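Shown below: data-v2.tsv, with TSV, C-alpha atoms.
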chain	number	residue	atom	x	y	z
A	173	MET	CA	0.00	0.00	0.00
A	174	GLY	CA	2.86	2.33	0.77
A	175	THR	CA	4.30	1.69	-2.66
A	176	ALA	CA	0.96	2.43	-4.32
A	177	THR	CA	0.60	5.63	-2.34
A	178	SER	CA	4.11	6.77	-3.19
A	179	ALA	CA	3.67	5.91	-6.86
A	180	GLY	CA	0.49	7.96	-7.07
A	181	ALA	CA	1.79	10.95	-5.14
A	182	GLY	CA	3.97	12.18	-7.99
A	183	PRO	CA	1.37	12.26	-10.79
A	184	LEU	CA	-1.30	13.58	-8.43
A	185	GLY	CA	0.95	16.33	-7.14
A	186	ASP	CA	1.98	17.31	-10.64
A	187	ALA	CA	-1.64	17.46	-11.79
A	188	ARG	CA	-2.64	19.64	-8.84
A	189	ALA	CA	0.32	21.95	-9.41
A	190	SER	CA	-0.67	22.40	-13.06
A	191	LEU	CA	-4.27	23.17	-12.11
A	192	LEU	CA	-3.21	25.75	-9.53
A	193	ALA	CA	-0.78	27.33	-11.99
A	194	LYS	CA	-3.58	27.67	-14.55
A	195	ALA	CA	-5.88	29.25	-11.95
A	196	ASN	CA	-3.17	31.66	-10.83
A	197	ASP	CA	-2.55	32.68	-14.43
A	198	ILE	CA	-6.26	33.42	-14.91
A	199	ASP	CA	-6.49	35.27	-11.59
A	200	ALA	CA	-3.75	37.65	-12.73
A	201	GLY	CA	-6.05	39.08	-15.42
A	202	ASP	CA	-9.67	40.23	-15.70
A	203	LEU	CA	-11.06	36.81	-14.78
A	204	TRP	CA	-10.85	34.71	-11.64
A	205	VAL	CA	-11.39	31.10	-10.62
A	206	THR	CA	-13.69	30.15	-7.76
A	207	ASP	CA	-13.05	27.44	-5.18
A	208	ASP	CA	-15.33	25.25	-7.30
A	209	TRP	CA	-13.07	25.83	-10.35
A	210	VAL	CA	-15.59	27.97	-12.22
A	211	VAL	CA	-14.16	30.87	-14.24
A	212	LEU	CA	-15.92	34.19	-13.62
A	213	ILE	CA	-15.48	37.80	-14.64
A	214	LYS	CA	-13.97	40.06	-12.00
A	215	ALA	CA	-16.21	42.82	-10.69
A	216	ALA	CA	-15.00	46.07	-12.26
A	217	PRO	CA	-16.28	48.94	-14.41
A	218	MET	CA	-16.66	47.87	-18.03
A	219	SER	CA	-18.65	48.53	-21.17
A	220	ALA	CA	-21.18	46.11	-22.61
A	221	ASP	CA	-18.72	45.13	-25.36
A	222	GLU	CA	-15.96	44.53	-22.83
A	223	ALA	CA	-18.28	42.36	-20.74
A	224	GLU	CA	-19.22	40.30	-23.77
A	225	THR	CA	-15.58	39.83	-24.73
A	226	LEU	CA	-14.71	38.75	-21.19
A	227	ALA	CA	-17.65	36.33	-21.16
A	228	ASP	CA	-16.26	34.64	-24.27
A	229	ARG	CA	-12.81	34.51	-22.67
A	230	ALA	CA	-14.27	32.99	-19.51
A	231	VAL	CA	-15.83	30.17	-21.54
A	232	ALA	CA	-12.54	29.53	-23.33
A	233	GLU	CA	-10.52	29.59	-20.10
A	234	GLN	CA	-13.05	27.27	-18.47
A	235	ALA	CA	-12.24	24.64	-21.09
A	236	GLY	CA	-8.56	24.86	-20.11
A	237	VAL	CA	-9.32	24.67	-16.39
A	238	ASN	CA	-11.52	21.65	-17.02
A	239	ARG	CA	-8.69	19.77	-18.72
A	240	PHE	CA	-6.43	20.27	-15.70
A	241	LEU	CA	-9.28	19.50	-13.30
A	242	LEU	CA	-9.99	16.22	-15.07
A	243	ALA	CA	-6.29	15.35	-14.93
A	244	VAL	CA	-6.37	15.79	-11.14
A	245	GLY	CA	-9.47	13.61	-10.93
A	246	ASP	CA	-7.90	10.90	-13.08
A	247	ALA	CA	-4.68	10.90	-11.03
A	248	ASP	CA	-6.66	10.74	-7.80
A	249	GLU	CA	-8.84	7.91	-9.13
A	250	GLU	CA	-5.81	5.94	-10.32
A	251	THR	CA	-4.06	6.34	-6.99
A	252	ALA	CA	-7.15	5.28	-5.06
A	253	ASN	CA	-7.63	2.20	-7.26
A	254	SER	CA	-3.97	1.24	-6.82
A	255	ILE	CA	-4.23	1.50	-3.03
A	256	VAL	CA	-7.43	-0.60	-2.98
A	257	ALA	CA	-5.82	-3.19	-5.25
A	258	ALA	CA	-2.74	-3.40	-3.00
A	259	ALA	CA	-4.93	-3.76	0.08
A	260	SER	CA	-7.08	-6.39	-1.60
A	261	ALA	CA	-3.97	-8.52	-2.13
A	262	HIS	CA	-3.72	-8.71	1.65
A	263	GLY	CA	-7.39	-9.69	2.13
A	264	PHE	CA	-8.96	-6.26	2.45
A	265	GLU	CA	-12.53	-5.90	1.19
A	266	ILE	CA	-14.60	-2.72	0.99
A	267	PRO	CA	-17.52	-3.13	3.43
A	268	LYS	CA	-20.91	-3.57	1.86
A	269	SER	CA	-23.82	-1.77	3.45
A	270	ILE	CA	-27.46	-1.19	2.54
A	271	ILE	CA	-27.19	2.23	4.13
A	272	PRO	CA	-24.34	4.22	2.58
A	273	LEU	CA	-21.64	4.79	5.18
A	274	PRO	CA	-18.32	6.63	4.91
A	275	GLY	CA	-15.79	4.38	3.22
A	276	THR	CA	-18.36	2.02	1.69
A	277	SER	CA	-18.86	3.91	-1.56
A	278	LYS	CA	-17.12	6.41	-3.77
A	279	PRO	CA	-17.60	9.95	-2.41
A	280	ALA	CA	-19.73	12.36	-4.40
A	281	ASP	CA	-18.10	15.13	-6.39
A	282	GLU	CA	-17.40	18.20	-4.27
A	283	VAL	CA	-17.24	20.51	-7.29
A	284	PRO	CA	-18.99	20.48	-10.69
A	285	ASN	CA	-17.58	17.56	-12.67
A	286	PRO	CA	-16.83	18.63	-16.27
A	287	ARG	CA	-16.74	15.00	-17.39
A	288	ASN	CA	-20.53	14.87	-17.51
A	289	PRO	CA	-23.22	17.21	-18.94
A	290	MET	CA	-24.59	18.08	-15.50
A	291	GLY	CA	-21.19	19.28	-14.33
A	292	LEU	CA	-20.80	21.46	-17.41
A	293	TYR	CA	-24.32	22.76	-16.88
A	294	GLN	CA	-23.48	23.66	-13.30
A	295	GLN	CA	-20.48	25.66	-14.42
A	296	VAL	CA	-22.49	27.56	-17.02
A	297	LEU	CA	-25.25	28.27	-14.53
A	298	VAL	CA	-22.91	29.60	-11.84
A	299	ARG	CA	-21.25	31.92	-14.34
A	300	SER	CA	-24.56	33.07	-15.83
A	301	GLU	CA	-26.05	33.88	-12.46
A	302	ASP	CA	-22.96	35.70	-11.26
A	303	MET	CA	-22.93	37.84	-14.40
A	304	GLY	CA	-26.64	38.52	-13.96
A	305	VAL	CA	-26.24	40.09	-10.51
A	306	THR	CA	-22.84	41.79	-10.90
A	307	VAL	CA	-23.10	45.51	-11.66
A	308	ARG	CA	-20.70	46.65	-14.39
A	309	GLU	CA	-22.04	50.20	-14.82
A	310	ILE	CA	-24.48	52.57	-13.13
A	311	THR	CA	-26.26	55.45	-14.84
A	312	LYS	CA	-28.40	58.07	-13.12
A	313	TYR	CA	-30.67	60.78	-14.42
A	314	GLU	CA	-33.83	62.71	-13.63
A	315	ASP	CA	-36.55	62.46	-16.26
A	316	ALA	CA	-38.84	65.23	-17.50
A	317	GLU	CA	-41.29	64.61	-14.65
A	318	GLY	CA	-38.65	64.77	-11.94
A	319	ASN	CA	-38.51	61.02	-11.30
A	320	ARG	CA	-35.05	59.89	-10.25
A	321	VAL	CA	-33.89	56.88	-12.27
A	322	THR	CA	-30.89	54.75	-11.33
A	323	THR	CA	-30.06	51.97	-13.77
A	324	MET	CA	-27.79	49.10	-12.78
A	325	HIS	CA	-26.30	47.46	-15.88
A	326	MET	CA	-25.19	43.87	-15.31
A	327	GLN	CA	-22.33	41.91	-16.83
A	328	ASP	CA	-24.75	39.71	-18.79
A	329	GLY	CA	-26.44	42.65	-20.51
A	330	SER	CA	-29.53	42.70	-18.31
A	331	ARG	CA	-30.44	45.77	-16.27
A	332	GLN	CA	-32.49	46.83	-13.27
A	333	GLU	CA	-34.03	50.30	-13.22
A	334	HIS	CA	-34.70	51.76	-9.78
A	335	ILE	CA	-37.17	54.67	-10.02
A	336	LEU	CA	-38.00	57.02	-7.16
A	337	MET	CA	-41.21	58.67	-8.32
A	338	ASN	CA	-41.68	62.42	-7.91
A	339	PRO	CA	-44.97	63.02	-6.03
A	340	TYR	CA	-45.30	66.40	-7.77
A	341	ARG	CA	-44.80	65.14	-11.31
A	342	GLY	CA	-48.30	66.10	-12.46
A	343	PRO	CA	-50.40	69.28	-12.35
A	344	VAL	CA	-51.47	68.24	-8.84
A	345	ALA	CA	-49.64	66.29	-6.17
A	346	ALA	CA	-49.94	62.53	-6.40
A	347	SER	CA	-52.22	60.74	-3.96
A	348	VAL	CA	-49.39	58.42	-2.88
A	349	PHE	CA	-45.85	58.90	-1.59
A	350	ASN	CA	-42.74	56.77	-1.04
A	351	ASP	CA	-43.49	55.47	-4.53
A	352	VAL	CA	-40.53	53.30	-5.57
A	353	ARG	CA	-40.38	51.03	-8.60
A	354	VAL	CA	-37.82	48.52	-9.89
A	355	LEU	CA	-38.05	47.23	-13.45
A	356	HIS	CA	-35.90	44.26	-14.44
A	357	TYR	CA	-35.11	43.68	-18.14
A	358	ASP	CA	-33.07	41.03	-19.90
A	359	ARG	CA	-30.36	41.91	-22.41
A	360	ASN	CA	-32.93	42.08	-25.22
A	361	GLY	CA	-35.20	44.48	-23.36
A	362	ASN	CA	-37.78	41.87	-22.38
A	363	VAL	CA	-39.38	42.36	-18.98
A	364	ILE	CA	-38.29	39.88	-16.31
A	365	SER	CA	-40.19	41.46	-13.41
A	366	LYS	CA	-41.80	44.67	-12.21
A	367	SER	CA	-41.89	45.63	-8.54
A	368	ARG	CA	-43.46	48.63	-6.83
A	369	SER	CA	-44.24	49.82	-3.32
A	370	TRP	CA	-46.00	52.96	-2.15
A	371	GLU	CA	-47.99	54.48	0.72
A	372	ASN	CA	-51.25	56.43	0.72
A	373	PHE	CA	-52.36	59.26	2.99
A	374	GLU	CA	-54.21	56.80	5.23
A	375	SER	CA	-50.77	55.34	6.07
A	376	THR	CA	-51.53	52.09	4.26
A	377	LYS	CA	-48.48	50.54	2.60
A	378	PHE	CA	-48.73	48.58	-0.63
A	379	MET	CA	-46.34	46.30	-2.53
A	380	THR	CA	-46.74	44.48	-5.84
A	381	THR	CA	-44.38	42.30	-7.85
A	382	THR	CA	-45.24	40.82	-11.24
A	383	TRP	CA	-43.14	38.35	-13.21
A	384	ALA	CA	-43.02	37.77	-16.94
A	385	ASP	CA	-45.45	34.84	-16.80
A	386	GLY	CA	-48.12	37.01	-15.16
A	387	THR	CA	-47.74	35.72	-11.61
A	388	THR	CA	-48.29	38.62	-9.19
A	389	VAL	CA	-47.75	39.11	-5.47
A	390	HIS	CA	-49.75	41.90	-3.85
A	391	ALA	CA	-49.47	42.91	-0.19
A	392	GLU	CA	-51.04	45.60	2.00
A	393	GLU	CA	-50.32	46.80	5.52
A	394	ARG	CA	-52.62	49.23	7.34
A	395	GLU	CA	-51.67	51.69	10.03
A	396	ASP	CA	-53.22	49.50	12.75
A	397	GLY	CA	-50.89	46.64	11.78
A	398	TYR	CA	-53.42	44.58	9.83
A	399	LYS	CA	-51.72	43.00	6.83
A	400	VAL	CA	-52.71	40.74	3.99
A	401	ALA	CA	-51.06	39.39	0.87
A	402	ARG	CA	-52.02	37.20	-2.04
A	403	VAL	CA	-50.46	35.44	-4.99
A	404	SER	CA	-52.34	35.48	-8.30
A	405	THR	CA	-51.59	33.78	-11.60
A	406	ALA	CA	-52.33	34.82	-15.14
A	407	ASP	CA	-54.95	32.07	-15.44
A	408	GLY	CA	-56.96	33.47	-12.52
A	409	ARG	CA	-55.85	31.35	-9.56
A	410	THR	CA	-55.45	33.30	-6.31
A	411	VAL	CA	-54.19	32.24	-2.89
A	412	GLU	CA	-54.25	34.45	0.20
A	413	ILE	CA	-51.18	34.63	2.43
A	414	PRO	CA	-52.53	34.75	6.02
A	415	ALA	CA	-51.51	37.56	8.36
A	416	ASP	CA	-49.68	35.14	10.67
A	417	SER	CA	-47.56	33.75	7.82
A	418	PRO	CA	-43.75	33.76	8.29
A	419	PHE	CA	-43.68	35.65	5.00
A	420	PHE	CA	-44.24	38.83	7.00
A	421	THR	CA	-41.26	38.21	9.26
A	422	HIS	CA	-38.85	36.50	6.86
A	423	PRO	CA	-35.36	37.67	7.91
A	424	GLY	CA	-33.51	37.12	4.67
A	425	LEU	CA	-35.17	39.39	2.15
A	426	THR	CA	-32.60	42.18	2.17
A	427	THR	CA	-30.01	39.91	0.58
A	428	VAL	CA	-30.27	36.88	-1.69
A	429	GLY	CA	-27.16	34.78	-1.72
A	430	GLY	CA	-25.05	37.76	-0.78
A	431	ALA	CA	-26.62	40.03	-3.40
A	432	MET	CA	-28.70	43.01	-2.31
A	433	SER	CA	-32.42	42.76	-2.99
A	434	GLY	CA	-33.31	46.43	-2.61
A	435	LEU	CA	-35.98	45.57	-0.02
A	436	ASP	CA	-36.14	47.30	3.35
A	437	GLU	CA	-35.28	45.54	6.59
A	438	TYR	CA	-38.90	45.10	7.54
A	439	ALA	CA	-38.18	42.12	9.78
A	440	THR	CA	-36.20	44.39	12.10
A	441	ARG	CA	-39.23	46.62	12.64
A	442	GLY	CA	-41.34	43.76	13.91
A	443	GLY	CA	-42.54	42.43	10.59
A	444	GLY	CA	-45.01	43.72	8.06
A	445	ILE	CA	-44.96	43.75	4.30
A	446	PRO	CA	-41.70	44.06	2.39
A	447	THR	CA	-41.30	47.40	0.64
A	448	LEU	CA	-38.78	48.70	-1.85
A	449	SER	CA	-36.05	50.76	-0.29
A	450	ALA	CA	-35.50	54.27	-1.63
A	451	ASP	CA	-32.04	54.44	-0.05
A	452	ASP	CA	-30.46	51.01	-0.62
A	453	VAL	CA	-29.76	51.81	-4.25
A	454	LYS	CA	-27.34	54.47	-3.03
A	455	LYS	CA	-25.23	51.68	-1.54
A	456	VAL	CA	-24.95	49.85	-4.85
A	457	GLY	CA	-21.77	50.59	-6.74
A	458	VAL	CA	-19.99	49.14	-9.73
A	459	GLY	CA	-18.89	45.63	-8.84
A	460	ALA	CA	-21.63	45.17	-6.26
A	461	LYS	CA	-24.09	42.27	-6.35
A	462	PHE	CA	-27.72	43.28	-6.89
A	463	ALA	CA	-30.42	40.62	-7.27
A	464	GLY	CA	-33.44	42.92	-7.09
A	465	PRO	CA	-36.65	42.90	-5.03
A	466	ALA	CA	-38.53	40.39	-7.19
A	467	LEU	CA	-36.01	37.67	-6.40
A	468	GLY	CA	-36.09	38.59	-2.71
A	469	ILE	CA	-39.88	38.30	-2.67
A	470	ALA	CA	-39.78	35.01	-4.58
A	471	THR	CA	-37.21	33.57	-2.17
A	472	ALA	CA	-39.33	34.43	0.86
A	473	ILE	CA	-42.54	33.01	-0.60
A	474	TYR	CA	-40.81	29.84	-1.74
A	475	ASP	CA	-39.19	29.38	1.65
A	476	VAL	CA	-42.50	29.75	3.46
A	477	ALA	CA	-44.44	27.52	1.06
A	478	THR	CA	-41.89	24.69	1.12
A	479	ALA	CA	-40.68	24.95	4.72
A	480	ASP	CA	-42.32	21.66	5.74
A	481	ALA	CA	-40.71	19.89	2.80
A	482	GLY	CA	-37.24	21.03	3.74
A	483	GLN	CA	-36.67	22.87	0.47
A	484	ARG	CA	-35.69	26.30	1.74
A	485	CYS	CA	-33.81	28.57	-0.61
A	486	GLU	CA	-31.37	29.53	2.12
A	487	ALA	CA	-30.95	32.96	0.58
A	488	ALA	CA	-29.24	31.44	-2.37
A	489	ILE	CA	-27.91	32.75	-5.69
A	490	SER	CA	-24.59	31.57	-7.02
A	491	GLY	CA	-22.04	28.94	-6.14
A	492	THR	CA	-19.72	31.87	-5.63
A	493	PHE	CA	-21.70	32.93	-2.58
A	494	GLY	CA	-21.05	29.63	-0.87
A	495	VAL	CA	-24.58	28.36	-0.24
A	496	VAL	CA	-25.27	24.96	-1.72
A	497	GLY	CA	-28.66	23.60	-2.68
A	498	GLY	CA	-30.65	26.73	-3.47
A	499	ALA	CA	-34.10	26.15	-4.84
A	500	VAL	CA	-35.69	29.32	-6.11
A	501	ALA	CA	-32.42	31.14	-6.51
A	502	GLY	CA	-30.35	28.00	-6.67
A	503	THR	CA	-27.85	26.86	-9.23
A	504	ALA	CA	-27.02	23.37	-10.25
A	505	GLY	CA	-23.81	23.73	-8.38
A	506	GLY	CA	-24.21	26.12	-5.58
A	507	ALA	CA	-27.01	29.39	-3.96
A	508	LEU	CA	-27.84	30.66	-7.43
A	509	GLY	CA	-25.91	25.47	-5.35
A	510	ALA	CA	-26.46	22.09	-6.79
A	511	ALA	CA	-30.11	22.17	-7.63
A	512	ALA	CA	-31.12	22.91	-11.14
A	513	GLY	CA	-33.32	19.89	-11.51
A	514	MET	CA	-32.37	17.68	-14.43
A	515	GLY	CA	-31.38	14.98	-11.96
A	516	ALA	CA	-29.21	17.21	-9.81
A	517	ALA	CA	-29.09	16.61	-6.14
A	518	SER	CA	-31.30	19.22	-4.55
A	519	ALA	CA	-34.88	20.33	-4.30
A	520	PRO	CA	-36.96	21.34	-7.32
A	521	ALA	CA	-35.53	22.77	-10.51
A	522	ALA	CA	-33.80	26.00	-9.67
A	523	LEU	CA	-34.37	29.29	-11.37
A	524	GLY	CA	-31.68	28.41	-13.82
A	525	GLY	CA	-33.82	26.36	-16.17
A	526	ALA	CA	-32.94	28.51	-19.17
A	527	ALA	CA	-29.51	29.61	-18.07
A	528	VAL	CA	-27.69	27.39	-20.53
A	529	GLY	CA	-28.22	30.27	-22.94
A	530	GLY	CA	-25.85	32.24	-20.79
A	531	THR	CA	-27.76	35.22	-19.40
A	532	LEU	CA	-29.74	35.85	-16.27
A	533	GLY	CA	-32.27	37.57	-18.50
A	534	SER	CA	-33.34	34.33	-20.13
A	535	TRP	CA	-32.65	32.49	-16.89
A	536	ALA	CA	-35.18	34.49	-14.92
A	537	GLY	CA	-37.75	35.39	-17.54
A	538	GLY	CA	-41.02	33.86	-16.36
A	539	TRP	CA	-39.39	30.99	-14.48
A	540	VAL	CA	-39.40	32.71	-11.10
A	541	GLY	CA	-43.10	33.41	-11.34
A	542	GLN	CA	-43.76	29.82	-12.34
A	543	LYS	CA	-41.85	28.58	-9.28
A	544	VAL	CA	-43.79	30.88	-6.95
A	545	ALA	CA	-47.12	29.93	-8.51
A	546	GLY	CA	-46.19	26.25	-8.46
A	547	VAL	CA	-45.65	26.07	-4.72
A	548	VAL	CA	-48.47	28.42	-3.71
A	549	CYS	CA	-51.30	28.17	-6.25
A	550	ARG	CA	-51.70	24.43	-6.41
For this file, write the structure as structure tokens.
Amino acid sequence: MGTATSAGAGPLGDARASLLAKANDIDAGDLWVTDDWVVLIKAAPMSADEAETLADRAVAEQAGVNRFLLAVGDADEETANSIVAAASAHGFEIPKSIIPLPGTSKPADEVPNPRNPMGLYQQVLVRSEDMGVTVREITKYEDAEGNRVTTMHMQDGSRQEHILMNPYRGPVAASVFNDVRVLHYDRNGNVISKSRSWENFESTKFMTTTWADGTTVHAEEREDGYKVARVSTADGRTVEIPADSPFFTHPGLTTVGGAMSGLDEYATRGGGIPTLSADDVKKVGVGAKFAGPALGIATAIYDVATADAGQRCEAAISGTFGVVGGAVAGTAGGALGAAAGMGAASAPAALGGAAVGGTLGSWAGGWVGQKVAGVVCR
């Protein structure tokens, strides 16, 4: 066994050294390699053309990383087989057990395995999701009506427009205030989601979010604390969210997998309905992660609806954020984790159903609403 171990140490060490050298070479430029060996674009100011060029480079570099990663896996596998063969010559047998126990079966892959389609899919999904929430440019302006518009342009070409509405934009003052809207578009200008919150002069707060498939969440909170919410689908199904639902006290809405949602910290004020923050957008800079309020709302609803089934999203977006097994915001490899359906190991198909195309825009278009409707409006 000692001979087998020694014989395998050289090739395995060389393979690991080559993989690390490749990663270090990539890290020295505009790309970087995650702990799961996925090549991503570094967060930095860039134009749309520069982002597209870097995305192509990331795909090309991923192919190189995968070759070295597979070499490490092959060397490790060969060494393990040699050790088992040497031990077997002395009467050793791997224990057989109906219930899988440590040492009785080959361990599962700890990172996406590029030898199979699911592993490649996981890598694509992690990169797509990271690009879809990483801000590459921010533009600000005030339109003709005095509404303040802040647009966050993402690495994948999608954008989120945060609009603080001017209550005096018309000939008379508007009947609502604290009117904030966030519009999410994919790279082709198609609507992914629309979110809005506002307050009337009776101190009643309102929030609505609508996804591309027509699924809508509407919530109200009156001054006396009474609150109600409902989920409606385009085909007319409606389900009420009761006032005692954990949805109104969900602690994780302000961030989704480490990316800001743009929702206020309503859980810290004793619960209520989530509303869009007018100030959080000021904290978002180039290179920041911004998921948007619609994904925050979807995560909370999904968590509440599937809590008994153990399928919580765990505030998940990308494998980069270190949360594995995300459901609504999950990836096939990591929190937007290892879940994208298609036989992957986690709860239901993650939001990344269409992410093979490479953009969060197509990834999120309609799918989030379908997931929310699927777990609520049964």
Expected residue set, 8 Å radius at (-34.0, 39.2, -6.2), all atoms listed in the file, as a compact mmCIF listing (two decimals) with C-alpha atoms, in the coordinates of the input:
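Just written: result-v9.txt:
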# COMPACT_ATOMS: atom_id res chain seq x y z
CA THR A 427 -30.01 39.91 0.58
CA VAL A 428 -30.27 36.88 -1.69
CA ALA A 431 -26.62 40.03 -3.40
CA MET A 432 -28.70 43.01 -2.31
CA SER A 433 -32.42 42.76 -2.99
CA PHE A 462 -27.72 43.28 -6.89
CA ALA A 463 -30.42 40.62 -7.27
CA GLY A 464 -33.44 42.92 -7.09
CA PRO A 465 -36.65 42.90 -5.03
CA ALA A 466 -38.53 40.39 -7.19
CA LEU A 467 -36.01 37.67 -6.40
CA GLY A 468 -36.09 38.59 -2.71
CA ILE A 469 -39.88 38.30 -2.67
CA ALA A 470 -39.78 35.01 -4.58
CA THR A 471 -37.21 33.57 -2.17
Give me, as a PDB file with C-alpha atoms, in the frame of the given file, all polymer residues having an atom no more than 10 Å from range 224-238 of chain A, counting only C-alpha atoms and skipping those fewer than 5 positions away in the same chain.
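Output file result.pdb is given in full below:
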ATOM      1  CA  SER A 190      -0.670  22.400 -13.060  1.00  0.00           C
ATOM      2  CA  LEU A 191      -4.270  23.170 -12.110  1.00  0.00           C
ATOM      3  CA  LEU A 192      -3.210  25.750  -9.530  1.00  0.00           C
ATOM      4  CA  ALA A 193      -0.780  27.330 -11.990  1.00  0.00           C
ATOM      5  CA  LYS A 194      -3.580  27.670 -14.550  1.00  0.00           C
ATOM      6  CA  ALA A 195      -5.880  29.250 -11.950  1.00  0.00           C
ATOM      7  CA  ILE A 198      -6.260  33.420 -14.910  1.00  0.00           C
ATOM      8  CA  ASP A 202      -9.670  40.230 -15.700  1.00  0.00           C
ATOM      9  CA  LEU A 203     -11.060  36.810 -14.780  1.00  0.00           C
ATOM     10  CA  TRP A 204     -10.850  34.710 -11.640  1.00  0.00           C
ATOM     11  CA  VAL A 205     -11.390  31.100 -10.620  1.00  0.00           C
ATOM     12  CA  TRP A 209     -13.070  25.830 -10.350  1.00  0.00           C
ATOM     13  CA  VAL A 210     -15.590  27.970 -12.220  1.00  0.00           C
ATOM     14  CA  VAL A 211     -14.160  30.870 -14.240  1.00  0.00           C
ATOM     15  CA  LEU A 212     -15.920  34.190 -13.620  1.00  0.00           C
ATOM     16  CA  ILE A 213     -15.480  37.800 -14.640  1.00  0.00           C
ATOM     17  CA  LYS A 214     -13.970  40.060 -12.000  1.00  0.00           C
ATOM     18  CA  MET A 218     -16.660  47.870 -18.030  1.00  0.00           C
ATOM     19  CA  SER A 219     -18.650  48.530 -21.170  1.00  0.00           C
ATOM     20  CA  ALA A 243      -6.290  15.350 -14.930  1.00  0.00           C
ATOM     21  CA  VAL A 244      -6.370  15.790 -11.140  1.00  0.00           C
ATOM     22  CA  PRO A 284     -18.990  20.480 -10.690  1.00  0.00           C
ATOM     23  CA  ASN A 285     -17.580  17.560 -12.670  1.00  0.00           C
ATOM     24  CA  PRO A 286     -16.830  18.630 -16.270  1.00  0.00           C
ATOM     25  CA  ARG A 287     -16.740  15.000 -17.390  1.00  0.00           C
ATOM     26  CA  LEU A 292     -20.800  21.460 -17.410  1.00  0.00           C
ATOM     27  CA  GLN A 295     -20.480  25.660 -14.420  1.00  0.00           C
ATOM     28  CA  VAL A 296     -22.490  27.560 -17.020  1.00  0.00           C
ATOM     29  CA  ARG A 299     -21.250  31.920 -14.340  1.00  0.00           C
ATOM     30  CA  SER A 300     -24.560  33.070 -15.830  1.00  0.00           C
ATOM     31  CA  MET A 303     -22.930  37.840 -14.400  1.00  0.00           C
ATOM     32  CA  GLN A 327     -22.330  41.910 -16.830  1.00  0.00           C
ATOM     33  CA  ASP A 328     -24.750  39.710 -18.790  1.00  0.00           C
ATOM     34  CA  GLY A 329     -26.440  42.650 -20.510  1.00  0.00           C
ATOM     35  CA  GLY A 530     -25.850  32.240 -20.790  1.00  0.00           C
TER      36      GLY A 530
END
Exercise for review: Excluding range 345-359 of chain A and residues on its chain fewer than 2 positions from it, collect all residues at most 8 Å away from it, counting all atoms listed in the file, and give them as a ChimeraX atom specification.
Suggested key: /A:328-343,361-373,448-450,464-465,531-534,537
Practice item. May I have the protein, DNA and RNA residues with an atom at most 9 Å from (-19.3, 52.4, -9.4), counting all atoms listed in the file in the file's coordinates, returned as a PyMOL selection string? Key: chain A and resi 216-217+307-310+456-460
Give, as lines of an AutoDock Vina configuration file, the centre coordinates and the x, y and z edge lengths in Å to one decimal for an axis-aligned box around all listed atoms of range 236-240 of chain A, padded by 4 Å on each side.
center_x = -9.0
center_y = 22.3
center_z = -17.9
size_x = 13.1
size_y = 13.1
size_z = 12.4
Review point. Separation of CA of Lys399 in chain A and CA of Phe420 in chain A, in Å?
Key: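 One can read the CA of Lys399 in chain A to CA of Phe420 in chain A distance as 8.6 Å.
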Check your understanding: CA of Ala384 in chain A and CA of Glu314 in chain A are how many Å apart?
Key -> 26.8 Å
**Study point:** Which residue of A:Gly318, A:Gly291, A:Gly430, A:Gly386 approaches Leu242 in chain A most closely, using all atoms listed in the file
**Key:**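 Nearest to Leu242 in chain A: A:Gly291.
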Check your understanding: In Å to one decimal, how far is CA of His325 in chain A from CA of Thr206 in chain A?
Key ->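 A separation of 22.9 Å between them.
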